[in-house]
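Below is model31.cif, which holds mmCIF, C-alpha atoms.
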data_coords
#
loop_
_atom_site.label_atom_id
_atom_site.label_comp_id
_atom_site.auth_asym_id
_atom_site.auth_seq_id
_atom_site.Cartn_x
_atom_site.Cartn_y
_atom_site.Cartn_z
CA MET A 167 -17.71 -34.98 1.11
CA ARG A 168 -14.66 -32.81 1.57
CA GLN A 169 -12.58 -31.91 4.57
CA THR A 170 -12.68 -28.24 3.69
CA ILE A 171 -14.29 -25.86 1.23
CA ILE A 172 -12.90 -22.38 0.81
CA ILE A 173 -15.30 -19.73 -0.45
CA GLY A 174 -13.47 -16.87 -2.12
CA SER A 175 -10.33 -16.58 -4.23
CA GLY A 176 -8.63 -13.37 -3.15
CA PRO A 177 -5.40 -13.33 -1.14
CA ALA A 178 -7.21 -14.77 1.92
CA GLY A 179 -8.92 -17.60 0.04
CA TYR A 180 -5.88 -18.66 -1.98
CA THR A 181 -3.49 -18.44 0.96
CA ALA A 182 -5.88 -20.57 3.02
CA ALA A 183 -5.94 -22.96 0.04
CA ILE A 184 -2.13 -23.15 -0.07
CA TYR A 185 -1.94 -24.02 3.64
CA ALA A 186 -4.92 -26.39 3.58
CA ALA A 187 -3.57 -28.18 0.50
CA ARG A 188 -0.12 -28.56 2.04
CA ALA A 189 -1.83 -30.03 5.12
CA ASN A 190 -3.40 -32.66 2.82
CA LEU A 191 -6.92 -31.33 3.32
CA ALA A 192 -7.52 -31.37 -0.47
CA PRO A 193 -9.49 -28.12 -0.35
CA LEU A 194 -12.11 -27.14 -2.87
CA VAL A 195 -12.01 -23.42 -3.67
CA ILE A 196 -15.23 -21.84 -4.89
CA ALA A 197 -13.61 -18.99 -6.77
CA SER A 198 -16.69 -17.16 -8.17
CA SER A 199 -17.67 -17.14 -11.84
CA VAL A 200 -16.65 -13.61 -12.75
CA GLU A 201 -14.89 -12.15 -9.72
CA PHE A 202 -12.29 -14.86 -9.19
CA GLY A 203 -9.01 -13.51 -7.88
CA GLY A 204 -10.84 -10.83 -5.95
CA GLU A 205 -10.21 -7.14 -5.87
CA LEU A 206 -6.59 -7.34 -7.01
CA MET A 207 -7.82 -8.48 -10.44
CA LYS A 208 -8.89 -4.88 -10.98
CA THR A 209 -5.66 -3.27 -9.89
CA THR A 210 -2.49 -2.63 -11.82
CA GLU A 211 0.85 -2.41 -10.05
CA VAL A 212 0.94 -3.82 -6.51
CA GLU A 213 3.98 -2.29 -4.78
CA ASN A 214 3.42 -3.35 -1.18
CA PHE A 215 3.13 -7.12 -1.32
CA PRO A 216 6.34 -8.52 0.19
CA GLY A 217 8.63 -10.46 -2.10
CA PHE A 218 8.15 -8.35 -5.22
CA PRO A 219 10.70 -5.50 -4.98
CA ASP A 220 9.83 -4.25 -8.47
CA GLY A 221 6.09 -4.55 -7.92
CA ILE A 222 3.77 -7.01 -9.59
CA MET A 223 0.56 -6.61 -11.55
CA GLY A 224 -2.49 -7.47 -9.41
CA PRO A 225 -3.86 -10.13 -11.79
CA ASP A 226 -0.39 -11.72 -12.10
CA LEU A 227 -0.08 -11.92 -8.32
CA MET A 228 -3.45 -13.65 -8.07
CA MET A 229 -2.58 -16.14 -10.83
CA LYS A 230 0.62 -16.98 -8.95
CA MET A 231 -1.29 -17.54 -5.72
CA GLN A 232 -3.74 -19.75 -7.56
CA ALA A 233 -0.95 -21.76 -9.20
CA GLN A 234 0.72 -22.19 -5.82
CA ALA A 235 -2.52 -23.53 -4.30
CA GLU A 236 -3.10 -25.87 -7.26
CA ARG A 237 0.45 -27.16 -7.08
CA PHE A 238 -0.36 -28.70 -3.69
CA GLY A 239 -3.70 -30.14 -4.73
CA ALA A 240 -6.30 -27.43 -4.23
CA GLU A 241 -9.19 -27.81 -6.66
CA ILE A 242 -10.75 -24.63 -8.06
CA VAL A 243 -14.34 -24.23 -9.22
CA TYR A 244 -15.41 -21.13 -11.16
CA ASP A 245 -18.90 -20.77 -9.83
CA ASP A 246 -20.85 -18.69 -7.32
CA VAL A 247 -22.25 -19.80 -3.99
CA VAL A 248 -25.99 -19.19 -3.90
CA LYS A 249 -26.83 -20.72 -0.50
CA LEU A 250 -25.00 -22.00 2.55
CA GLU A 251 -26.06 -24.43 5.26
CA LEU A 252 -23.47 -24.05 7.98
CA THR A 253 -25.08 -25.13 11.23
CA GLY A 254 -24.69 -28.92 11.09
CA ASP A 255 -21.57 -31.09 11.40
CA VAL A 256 -21.64 -31.36 7.62
CA LYS A 257 -21.69 -28.00 5.83
CA ARG A 258 -23.55 -27.75 2.55
CA VAL A 259 -22.55 -25.30 -0.17
CA HIS A 260 -25.06 -24.72 -2.98
CA LEU A 261 -23.61 -23.53 -6.27
CA GLY A 262 -24.97 -21.45 -9.12
CA ASN A 263 -24.92 -24.49 -11.44
CA GLY A 264 -27.31 -26.35 -9.13
CA GLY A 265 -24.62 -28.58 -7.63
CA VAL A 266 -24.14 -29.07 -3.89
CA GLU A 267 -20.77 -29.59 -2.24
CA GLU A 268 -20.38 -30.88 1.31
CA ALA A 269 -17.54 -30.47 3.77
CA LEU A 270 -16.68 -30.72 7.43
CA THR A 271 -15.26 -27.21 7.47
CA VAL A 272 -15.86 -24.03 5.53
CA ILE A 273 -13.47 -21.12 5.25
CA TYR A 274 -15.44 -18.04 4.31
CA ALA A 275 -13.29 -15.43 2.55
CA THR A 276 -15.64 -13.49 0.30
CA GLY A 277 -14.06 -10.08 0.76
CA SER A 278 -16.08 -6.97 0.25
CA ALA A 279 -18.21 -5.28 -2.39
CA TYR A 280 -17.85 -1.72 -3.65
CA ARG A 281 -19.99 0.84 -1.93
CA LYS A 282 -22.32 2.99 -4.01
CA LEU A 283 -23.14 6.66 -3.57
CA GLY A 284 -26.83 5.78 -3.43
CA LEU A 285 -28.01 8.18 -6.16
CA ASP A 286 -30.71 7.18 -8.68
CA ASP A 287 -28.67 8.36 -11.65
CA GLU A 288 -25.69 6.36 -10.46
CA THR A 289 -27.32 3.08 -11.47
CA ARG A 290 -28.81 4.51 -14.66
CA LEU A 291 -25.45 5.86 -15.84
CA SER A 292 -23.36 2.95 -14.59
CA GLY A 293 -21.26 1.92 -17.58
CA TYR A 294 -22.10 5.20 -19.30
CA GLY A 295 -19.58 7.35 -17.49
CA VAL A 296 -20.05 6.07 -13.94
CA SER A 297 -17.46 3.44 -13.10
CA TRP A 298 -16.01 1.45 -10.20
CA CYS A 299 -12.99 0.22 -12.13
CA ALA A 300 -10.36 2.72 -13.27
CA THR A 301 -8.16 0.04 -14.80
CA CYS A 302 -11.07 -1.24 -16.88
CA ASP A 303 -12.54 2.02 -18.06
CA GLY A 304 -9.84 4.68 -17.68
CA ALA A 305 -8.61 4.42 -21.25
CA PHE A 306 -12.00 5.51 -22.59
CA PHE A 307 -11.51 8.93 -21.01
CA ARG A 308 -8.43 9.99 -22.95
CA ASP A 309 -8.06 13.79 -22.86
CA LYS A 310 -11.34 14.09 -20.95
CA GLU A 311 -12.13 15.68 -17.63
CA ILE A 312 -13.18 13.21 -14.96
CA ALA A 313 -13.63 12.90 -11.19
CA VAL A 314 -12.78 10.34 -8.54
CA VAL A 315 -14.89 10.25 -5.40
CA GLY A 316 -13.18 9.16 -2.19
CA GLY A 317 -10.19 9.85 0.05
CA GLY A 318 -8.66 6.46 0.73
CA ASP A 319 -5.83 4.48 -0.86
CA SER A 320 -7.95 3.13 -3.66
CA ALA A 321 -9.27 6.59 -4.55
CA MET A 322 -5.72 8.00 -4.71
CA GLU A 323 -4.51 5.01 -6.69
CA GLU A 324 -7.35 5.44 -9.18
CA ALA A 325 -6.83 9.20 -9.46
CA THR A 326 -3.12 8.78 -10.09
CA PHE A 327 -3.70 5.97 -12.58
CA LEU A 328 -6.35 7.98 -14.44
CA THR A 329 -3.96 10.90 -15.07
CA ARG A 330 -2.34 8.64 -17.70
CA PHE A 331 -5.41 9.19 -19.83
CA ALA A 332 -7.47 12.10 -18.58
CA GLU A 333 -6.68 15.73 -19.17
CA LYS A 334 -7.73 16.54 -15.64
CA VAL A 335 -8.78 14.48 -12.62
CA HIS A 336 -10.92 16.03 -9.90
CA VAL A 337 -10.78 14.32 -6.53
CA VAL A 338 -13.97 14.86 -4.55
CA HIS A 339 -13.71 14.11 -0.85
CA ARG A 340 -16.24 14.87 1.82
CA LYS A 341 -13.65 15.66 4.48
CA ASP A 342 -10.75 18.09 4.59
CA ALA A 343 -8.04 15.45 4.83
CA LEU A 344 -7.31 12.14 3.12
CA ARG A 345 -7.39 8.71 4.71
CA ALA A 346 -4.90 7.38 2.15
CA SER A 347 -1.38 6.31 3.12
CA ALA A 348 1.36 8.96 3.10
CA ALA A 349 2.98 7.52 -0.03
CA MET A 350 -0.28 7.61 -2.00
CA GLN A 351 -1.10 11.12 -0.75
CA GLU A 352 2.30 12.52 -1.73
CA ARG A 353 1.99 11.08 -5.22
CA ALA A 354 -1.48 12.53 -5.70
CA PHE A 355 -0.57 15.97 -4.29
CA ALA A 356 2.45 16.16 -6.59
CA ASP A 357 0.40 15.40 -9.69
CA PRO A 358 -0.37 18.58 -11.64
CA LYS A 359 -3.37 16.94 -13.34
CA ILE A 360 -5.16 16.27 -10.03
CA GLN A 361 -7.33 18.94 -8.42
CA PHE A 362 -8.78 18.37 -4.95
CA HIS A 363 -12.27 19.39 -3.88
CA TRP A 364 -12.37 19.24 -0.09
CA ASN A 365 -15.52 18.93 2.02
CA LYS A 366 -17.60 18.13 -1.06
CA GLU A 367 -20.10 15.39 -1.65
CA VAL A 368 -21.46 14.23 -5.03
CA SER A 369 -25.17 14.91 -4.66
CA GLY A 370 -26.23 14.47 -8.27
CA ILE A 371 -25.02 13.04 -11.57
CA HIS A 372 -26.06 14.74 -14.81
CA GLY A 373 -26.38 13.29 -18.31
CA ASP A 374 -28.99 11.77 -20.61
CA ASP A 375 -27.14 8.89 -22.27
CA LEU A 376 -23.67 9.63 -20.95
CA VAL A 377 -22.42 11.46 -17.88
CA ASP A 378 -21.83 15.14 -18.60
CA GLY A 379 -21.47 16.54 -15.11
CA VAL A 380 -21.97 16.19 -11.38
CA ARG A 381 -23.43 18.34 -8.64
CA LEU A 382 -21.25 18.89 -5.59
CA THR A 383 -22.66 19.87 -2.23
CA ASP A 384 -20.37 21.40 0.38
CA THR A 385 -20.46 19.27 3.54
CA VAL A 386 -19.69 22.30 5.75
CA ASP A 387 -21.83 25.17 4.46
CA GLY A 388 -24.27 23.27 2.19
CA SER A 389 -23.46 25.33 -0.90
CA VAL A 390 -23.97 23.68 -4.27
CA ALA A 391 -21.89 23.80 -7.45
CA ASP A 392 -21.96 21.94 -10.78
CA LEU A 393 -18.87 20.50 -12.38
CA ASP A 394 -18.76 19.53 -16.07
CA LEU A 395 -17.05 16.21 -16.69
CA SER A 396 -17.49 13.02 -18.65
CA GLY A 397 -16.53 10.34 -16.17
CA LEU A 398 -17.12 9.63 -12.49
CA PHE A 399 -15.08 6.95 -10.74
CA ILE A 400 -16.45 5.91 -7.38
CA ALA A 401 -13.95 4.72 -4.75
CA ILE A 402 -15.66 5.30 -1.43
CA GLY A 403 -14.86 2.00 0.16
CA ALA A 404 -16.41 -1.41 0.33
CA ASP A 405 -18.75 -3.37 2.56
CA PRO A 406 -18.08 -6.92 3.76
CA ARG A 407 -19.92 -9.49 1.64
CA THR A 408 -21.96 -11.28 4.26
CA HIS A 409 -25.41 -11.73 2.68
CA LEU A 410 -24.90 -15.50 2.32
CA VAL A 411 -24.41 -15.99 6.05
CA HIS A 412 -27.01 -13.66 7.52
CA GLY A 413 -28.89 -15.49 10.23
CA GLN A 414 -26.12 -18.09 10.54
CA LEU A 415 -22.96 -16.22 11.45
CA GLU A 416 -22.74 -13.42 13.99
CA LEU A 417 -21.64 -10.05 12.70
CA THR A 418 -19.86 -7.18 14.44
CA ALA A 419 -21.14 -3.61 14.73
CA GLU A 420 -19.00 -2.79 11.67
CA GLY A 421 -20.81 -5.46 9.65
CA THR A 422 -17.86 -7.85 9.44
CA ILE A 423 -18.11 -11.48 10.52
CA ARG A 424 -17.39 -11.87 14.23
CA VAL A 425 -14.42 -14.11 15.00
CA ASP A 426 -13.00 -15.25 18.31
CA GLY A 427 -10.05 -13.02 19.25
CA ARG A 428 -7.14 -13.30 16.84
CA SER A 429 -8.45 -16.60 15.49
CA SER A 430 -10.71 -17.15 12.45
CA ARG A 431 -13.33 -19.08 14.47
CA THR A 432 -16.89 -17.85 13.93
CA ASN A 433 -19.81 -18.60 16.25
CA LEU A 434 -20.39 -21.90 14.39
CA PRO A 435 -18.08 -24.89 14.91
CA GLY A 436 -16.22 -25.77 11.72
CA VAL A 437 -16.86 -22.40 10.08
CA PHE A 438 -13.91 -20.05 9.78
CA ALA A 439 -13.69 -16.60 8.23
CA ALA A 440 -10.72 -14.75 6.79
CA GLY A 441 -9.68 -11.63 4.90
CA ASP A 442 -11.60 -8.41 4.36
CA VAL A 443 -14.87 -10.02 5.42
CA ILE A 444 -13.58 -10.03 9.03
CA ASP A 445 -11.43 -6.91 8.80
CA PRO A 446 -12.96 -3.45 9.11
CA ASP A 447 -9.61 -1.70 9.45
CA TYR A 448 -6.61 -2.85 7.44
CA LYS A 449 -7.87 -4.50 4.24
CA GLN A 450 -4.49 -5.15 2.67
CA ALA A 451 -3.51 -8.03 0.40
CA ALA A 452 -0.80 -9.05 2.88
CA THR A 453 -3.08 -8.90 5.94
CA ALA A 454 -5.73 -10.89 4.06
CA ALA A 455 -3.11 -13.49 3.15
CA GLY A 456 -2.07 -13.76 6.82
CA SER A 457 -5.70 -14.09 7.79
CA GLY A 458 -6.06 -16.96 5.31
CA VAL A 459 -3.15 -18.74 7.00
CA VAL A 460 -4.90 -18.45 10.37
CA ALA A 461 -8.13 -19.87 8.94
CA ALA A 462 -6.42 -22.88 7.34
CA LEU A 463 -4.56 -23.68 10.57
CA ASP A 464 -7.74 -23.28 12.62
CA ALA A 465 -9.60 -25.60 10.25
CA GLU A 466 -6.77 -28.13 10.46
CA HIS A 467 -6.87 -28.10 14.28
CA TYR A 468 -10.65 -28.44 14.27
CA LEU A 469 -10.51 -31.43 11.91
CA ALA A 470 -7.81 -33.09 14.00
CA ALA A 471 -10.12 -32.98 17.03
CA LEU A 472 -13.17 -34.44 15.24
CA PRO A 473 -14.31 -38.07 15.75
CA THR A 474 -12.37 -40.25 13.34
CA ASP A 475 -15.49 -41.74 11.70
CA LEU A 476 -16.63 -38.28 10.55
CA VAL A 477 -13.26 -37.51 9.07
CA ALA A 478 -13.12 -40.95 7.45
CA ALA A 479 -16.46 -40.19 5.78
CA ALA A 480 -14.99 -36.98 4.38
CA LEU A 481 -12.18 -38.95 2.80
CA GLN A 482 -14.55 -41.29 0.94
CA PRO A 483 -15.25 -40.46 -2.69
CA SER A 484 -18.45 -38.44 -2.79
CA THR A 485 -21.63 -40.19 -3.88
CA GLY A 486 -24.99 -39.00 -5.06
CA ILE A 487 -24.07 -35.34 -5.20
CA PRO A 488 -24.02 -33.76 -8.64
CA SER A 489 -20.47 -32.95 -9.55
CA THR A 490 -19.68 -29.38 -10.40
CA GLU A 491 -19.04 -28.40 -13.94
CA THR A 492 -15.90 -26.30 -14.16
CA ASN A 493 -15.06 -23.83 -16.82
CA THR A 494 -11.55 -22.67 -17.33
CA PRO A 495 -11.01 -18.95 -17.66
CA VAL A 496 -7.95 -18.00 -19.58
CA GLY A 497 -4.99 -17.06 -17.49
CA ALA A 498 -6.46 -19.16 -14.74
CA MET B 187 -8.23 -16.55 -24.96
CA SER B 188 -11.55 -17.44 -26.43
CA SER B 189 -13.13 -19.42 -29.17
CA ALA B 190 -15.18 -16.42 -30.34
CA HIS B 191 -14.39 -14.98 -33.73
CA ASP B 192 -12.78 -11.50 -33.85
CA VAL B 193 -14.34 -8.66 -35.78
CA THR B 194 -12.51 -5.42 -36.59
CA ASP B 195 -13.18 -1.86 -37.74
CA ALA B 196 -12.70 -3.17 -41.27
CA THR B 197 -15.06 -6.14 -41.01
CA PHE B 198 -17.71 -4.70 -38.68
CA GLN B 199 -19.97 -3.54 -41.51
CA SER B 200 -20.02 -6.83 -43.35
CA GLU B 201 -19.87 -9.24 -40.41
CA VAL B 202 -22.12 -7.47 -37.91
CA LEU B 203 -24.21 -4.69 -39.42
CA GLY B 204 -24.84 -6.50 -42.69
CA SER B 205 -25.59 -9.86 -41.11
CA GLU B 206 -29.02 -11.40 -40.99
CA ASP B 207 -28.22 -13.21 -37.76
CA THR B 208 -28.62 -11.95 -34.20
CA ILE B 209 -25.06 -11.10 -33.25
CA MET B 210 -23.66 -10.11 -29.89
CA VAL B 211 -20.42 -8.13 -29.96
CA ASP B 212 -18.19 -8.40 -26.88
CA PHE B 213 -16.17 -5.18 -26.65
CA TRP B 214 -13.03 -6.08 -24.70
CA ALA B 215 -9.33 -5.40 -24.13
CA GLU B 216 -6.31 -7.40 -23.00
CA TRP B 217 -5.79 -5.25 -19.89
CA CYS B 218 -9.35 -5.66 -18.62
CA GLY B 219 -9.57 -8.32 -15.91
CA PRO B 220 -13.39 -8.56 -15.90
CA CYS B 221 -13.26 -9.05 -19.71
CA ARG B 222 -11.03 -12.07 -19.23
CA ALA B 223 -13.43 -13.33 -16.58
CA VAL B 224 -16.56 -13.09 -18.69
CA SER B 225 -15.01 -14.42 -21.90
CA PRO B 226 -15.34 -18.17 -21.13
CA ILE B 227 -18.94 -17.62 -20.01
CA LEU B 228 -19.76 -15.98 -23.35
CA ASP B 229 -18.13 -18.93 -25.08
CA GLN B 230 -20.43 -21.28 -23.18
CA ILE B 231 -23.52 -19.26 -24.03
CA ALA B 232 -22.51 -19.12 -27.70
CA THR B 233 -22.00 -22.89 -27.78
CA GLU B 234 -25.24 -23.70 -25.99
CA HIS B 235 -27.33 -21.34 -28.13
CA SER B 236 -25.47 -21.48 -31.43
CA ASP B 237 -28.80 -21.69 -33.32
CA LYS B 238 -30.07 -18.45 -31.74
CA ILE B 239 -27.17 -16.07 -31.33
CA LYS B 240 -23.69 -15.57 -32.67
CA ILE B 241 -21.09 -14.02 -30.38
CA VAL B 242 -18.07 -12.18 -31.75
CA LYS B 243 -15.36 -10.10 -30.09
CA LEU B 244 -14.03 -6.64 -30.84
CA ASN B 245 -10.75 -5.52 -29.30
CA VAL B 246 -11.29 -1.84 -28.40
CA ASP B 247 -7.56 -1.02 -28.50
CA ASP B 248 -7.11 -2.32 -32.02
CA ASN B 249 -10.46 -1.02 -33.28
CA PRO B 250 -11.00 2.41 -31.73
CA GLU B 251 -13.27 3.59 -34.55
CA THR B 252 -16.04 1.10 -33.78
CA ALA B 253 -15.58 1.46 -30.01
CA MET B 254 -15.96 5.22 -30.35
CA LYS B 255 -18.93 4.96 -32.69
CA TYR B 256 -20.81 2.92 -30.10
CA ARG B 257 -19.61 5.25 -27.31
CA ILE B 258 -18.03 2.52 -25.24
CA THR B 259 -16.96 3.90 -21.86
CA SER B 260 -16.89 0.70 -19.87
CA ILE B 261 -15.84 -2.83 -20.70
CA PRO B 262 -16.73 -5.60 -20.97
CA ALA B 263 -19.65 -4.16 -22.96
CA MET B 264 -21.83 -6.61 -24.83
CA LYS B 265 -24.12 -5.25 -27.53
CA VAL B 266 -26.67 -7.33 -29.38
CA PHE B 267 -27.16 -6.33 -33.04
CA LYS B 268 -30.14 -7.21 -35.18
CA GLY B 269 -30.51 -5.87 -38.71
CA GLY B 270 -27.68 -3.40 -38.13
CA GLU B 271 -29.20 -1.89 -34.98
CA VAL B 272 -28.24 -2.24 -31.33
CA VAL B 273 -31.20 -3.93 -29.62
CA LYS B 274 -29.61 -4.66 -26.24
CA THR B 275 -26.59 -3.59 -24.20
CA VAL B 276 -25.18 -5.44 -21.21
CA ILE B 277 -22.30 -3.88 -19.32
CA GLY B 278 -19.93 -5.55 -16.92
CA ALA B 279 -18.88 -9.11 -16.15
CA LYS B 280 -21.77 -11.07 -14.69
CA PRO B 281 -22.25 -14.70 -13.68
CA LYS B 282 -23.71 -16.97 -16.35
CA PRO B 283 -27.28 -17.09 -14.93
CA ALA B 284 -27.41 -13.28 -14.79
CA LEU B 285 -26.18 -12.96 -18.38
CA GLU B 286 -28.66 -15.57 -19.57
CA HIS B 287 -31.39 -13.63 -17.81
CA ASP B 288 -30.32 -10.37 -19.50
CA LEU B 289 -30.22 -12.10 -22.89
CA ALA B 290 -33.31 -14.28 -22.36
CA GLU B 291 -35.29 -12.76 -25.25
CA PHE B 292 -32.52 -13.72 -27.70
CA LEU B 293 -31.86 -17.21 -26.36
CA ALA B 294 -35.41 -18.54 -26.18
#
Could you take the file, read its structure, and then write that structure out as structure tokens?
Amino acid sequence: MRQTIIIGSGPAGYTAAIYAARANLAPLVIASSVEFGGELMKTTEVENFPGFPDGIMGPDLMMKMQAQAERFGAEIVYDDVVKLELTGDVKRVHLGNGGVEEALTVIYATGSAYRKLGLDDETRLSGYGVSWCATCDGAFFRDKEIAVVGGGDSAMEEATFLTRFAEKVHVVHRKDALRASAAMQERAFADPKIQFHWNKEVSGIHGDDLVDGVRLTDTVDGSVADLDLSGLFIAIGADPRTHLVHGQLELTAEGTIRVDGRSSRTNLPGVFAAGDVIDPDYKQAATAAGSGVVAALDAEHYLAALPTDLVAAALQPSTGIPSTETNTPVGA
Amino acid sequence: MSSAHDVTDATFQSEVLGSEDTIMVDFWAEWCGPCRAVSPILDQIATEHSDKIKIVKLNVDDNPETAMKYRITSIPAMKVFKGGEVVKTVIGAKPKPALEHDLAEFLA
């Protein structure tokens, strides 16, 4: 049994791991099999994380956070959590490989998952012109006409990034003003390759084998227009990833995990939550990192107040539980 | 970054299309984070099912001709070839159980 298991490997998870490891809690980080490092693995230049005046590539930042956590003894497993038992004194974490890990505390930092438009053709044409990852797929749209849906920071970042390749980038937003930060807005407005479509919603995606156009519906007057293009990048936000804890942890009206005030304490003793999964508003790498600090400190305080025999049991080498098989992704 | 063998525009005909084996081609690029994530999982699948399927990699930056021919617009894209034809396409990095499920007919 462990003292603490951290689920998630974005800025919140790894920062919690750094603090927990430095507090000698020997944390186990369940990093996910293919989404380790979190959302920043899909970004390019990160310009607003303090300490990097010249910016840093998202994946490089995550590898540095991971290395920092490992330096102090955090152990990383590249697997997915399939089931959680959080209600008892001992928390049980079931992994994709069939193994079970136990701990006295769990820090839940699973972030959020990209939102879909909810159109039938969106799924059918996903990977055939419909994309959620500009950095992955942008280069395949060299000299093409494409669209980005959304009005937040990530939509503006994607649109600006995609102008490196595309001949023209349409930004489709269902309101008449952007939610993106001033710096991102200014950059997008100044870009001659970007054309804005205000008060428009993507109501249909056309194409047999590959996307060849979209239908836009005006959110004010309901008028409809078709737009020919070969790529559609969807950046309309993300929903907190809470499916593993439904029925165990209380959620807020926004769908995030409910925590006590400014702490990371959930409704269950010994279960702490951090990062985007508790944050409906800010969702920044730096705020997630700060949230991870809070969770590690809360877990440390909780462990310090537990009966000593329970904690002693956690420090014993584990017995009878299948050990987890770890693979080692490159760059990890 | 991986133990899988690289194929290129020049060798695609002989090594993939002309092969009698079932071959999965992993279309990838250095700058693609999800490609790096899925690579070790493909290595595991290739090792565990070496009698059933062969997995090779094609770098889309270095081999644009083949990437264009197969109309790749999203990576990682994994295409299974049999007798010179594409018989299955899987797009996007997925956990190992999900990939094994998608490829079940070729691994059994």
Exercise for review: Can you pull out every residue within 10 Å of A:Glu251, counting only C-alpha atoms, but drop anything in the same chain fewer than 2 positions away, and send it as a PyMOL selection string?
Suggested key: chain A and resi 249+253-254+256-260+268+410-411+414
Go ahead and dump the residues you just picked, C-alpha atoms, as a compact mmCIF listing (two decimals), keeping the file's coordinate frame.
# COMPACT_ATOMS: atom_id res chain seq x y z
CA LYS A 249 -26.83 -20.72 -0.50
CA THR A 253 -25.08 -25.13 11.23
CA GLY A 254 -24.69 -28.92 11.09
CA VAL A 256 -21.64 -31.36 7.62
CA LYS A 257 -21.69 -28.00 5.83
CA ARG A 258 -23.55 -27.75 2.55
CA VAL A 259 -22.55 -25.30 -0.17
CA HIS A 260 -25.06 -24.72 -2.98
CA GLU A 268 -20.38 -30.88 1.31
CA LEU A 410 -24.90 -15.50 2.32
CA VAL A 411 -24.41 -15.99 6.05
CA GLN A 414 -26.12 -18.09 10.54
Exercise for review: Using all atoms listed in the file, find the residues of chain B whose closest atom to chain A is at most 7 Å away, then write them as a list of chain:residue names.
Suggested key: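 The complete set of qualifying residues is B:Met187, B:Cys218, B:Gly219, B:Pro220, B:Arg222, B:Ala223, B:Val224, B:Pro226, B:Thr259, B:Ser260, B:Ile261, B:Ile277, B:Ala279, B:Lys280, B:Pro281.
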Residues from last step as file, C-alpha atoms, as a PDB file, keeping the file's coordinate frame:
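Produced file selection_4.pdb, reproduced below:
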ATOM      1  CA  MET B 187      -8.230 -16.550 -24.960  1.00  0.00           C
ATOM      2  CA  CYS B 218      -9.350  -5.660 -18.620  1.00  0.00           C
ATOM      3  CA  GLY B 219      -9.570  -8.320 -15.910  1.00  0.00           C
ATOM      4  CA  PRO B 220     -13.390  -8.560 -15.900  1.00  0.00           C
ATOM      5  CA  ARG B 222     -11.030 -12.070 -19.230  1.00  0.00           C
ATOM      6  CA  ALA B 223     -13.430 -13.330 -16.580  1.00  0.00           C
ATOM      7  CA  VAL B 224     -16.560 -13.090 -18.690  1.00  0.00           C
ATOM      8  CA  PRO B 226     -15.340 -18.170 -21.130  1.00  0.00           C
ATOM      9  CA  THR B 259     -16.960   3.900 -21.860  1.00  0.00           C
ATOM     10  CA  SER B 260     -16.890   0.700 -19.870  1.00  0.00           C
ATOM     11  CA  ILE B 261     -15.840  -2.830 -20.700  1.00  0.00           C
ATOM     12  CA  ILE B 277     -22.300  -3.880 -19.320  1.00  0.00           C
ATOM     13  CA  ALA B 279     -18.880  -9.110 -16.150  1.00  0.00           C
ATOM     14  CA  LYS B 280     -21.770 -11.070 -14.690  1.00  0.00           C
ATOM     15  CA  PRO B 281     -22.250 -14.700 -13.680  1.00  0.00           C
TER      16      PRO B 281
END
Exercise for review: Tell me, as a list in words, which residues lie within 6 Å of stretch 167-174 of chain A, counting all atoms listed in the file; anything in the same chain fewer than 6 positions away does not count.
Suggested key: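 My reading of the contact set: Leu191, Pro193, Leu194, Val195, Ile196, Ala197, Glu268, Ala269, Leu270, Thr271, Val272, Ile273, Tyr274, Ala275, Thr276, Ala480 and Ser484 of chain A.
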Restricting it to C-alpha atoms, dump the selection as a short mmCIF file (atom, residue, chain, number, x, y, z; two decimals), keeping the file's coordinate frame.
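Output saved as again21.cif:
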data_model
loop_
_atom_site.label_atom_id
_atom_site.label_comp_id
_atom_site.auth_asym_id
_atom_site.auth_seq_id
_atom_site.Cartn_x
_atom_site.Cartn_y
_atom_site.Cartn_z
CA LEU A 191 -6.92 -31.33 3.32
CA PRO A 193 -9.49 -28.12 -0.35
CA LEU A 194 -12.11 -27.14 -2.87
CA VAL A 195 -12.01 -23.42 -3.67
CA ILE A 196 -15.23 -21.84 -4.89
CA ALA A 197 -13.61 -18.99 -6.77
CA GLU A 268 -20.38 -30.88 1.31
CA ALA A 269 -17.54 -30.47 3.77
CA LEU A 270 -16.68 -30.72 7.43
CA THR A 271 -15.26 -27.21 7.47
CA VAL A 272 -15.86 -24.03 5.53
CA ILE A 273 -13.47 -21.12 5.25
CA TYR A 274 -15.44 -18.04 4.31
CA ALA A 275 -13.29 -15.43 2.55
CA THR A 276 -15.64 -13.49 0.30
CA ALA A 480 -14.99 -36.98 4.38
CA SER A 484 -18.45 -38.44 -2.79
#
Exercise for review: Report as a list in words the residues that result from applying the PyMOL selection byres ((chain A and resi 227) around 10) to the structure here.
Suggested key: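 Written out, the selection comes to Pro177, Gly203, Leu206, Met207, Glu211, Val212, Phe215, Phe218, Gly221, Ile222, Met223, Gly224, Pro225, Asp226, Met228, Met229, Lys230, Met231, Gln232 and Ala233 of chain A.
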Point to revise | Residue nearest B:Ala232 among B:Glu286, B:Glu206, B:Asp247, B:Glu201 (counting only C-alpha atoms) | key: B:Glu286
Return as JSON the box centre and box size in Å, one decimal, for an axis-aligned box around all listed atoms of stretch 222-232 of chain B padded by 5 Å per side.
{"center_x": -17.3, "center_y": -16.7, "center_z": -22.1, "size_x": 22.5, "size_y": 19.2, "size_z": 21.1}
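Applied to this file, the PyMOL selection byres ((chain A and resi 239) around 8) selects Ala187, Arg188, Asn190, Ala192, Pro193, Ala235, Glu236, Arg237, Phe238, Ala240 and Glu241 of chain A.
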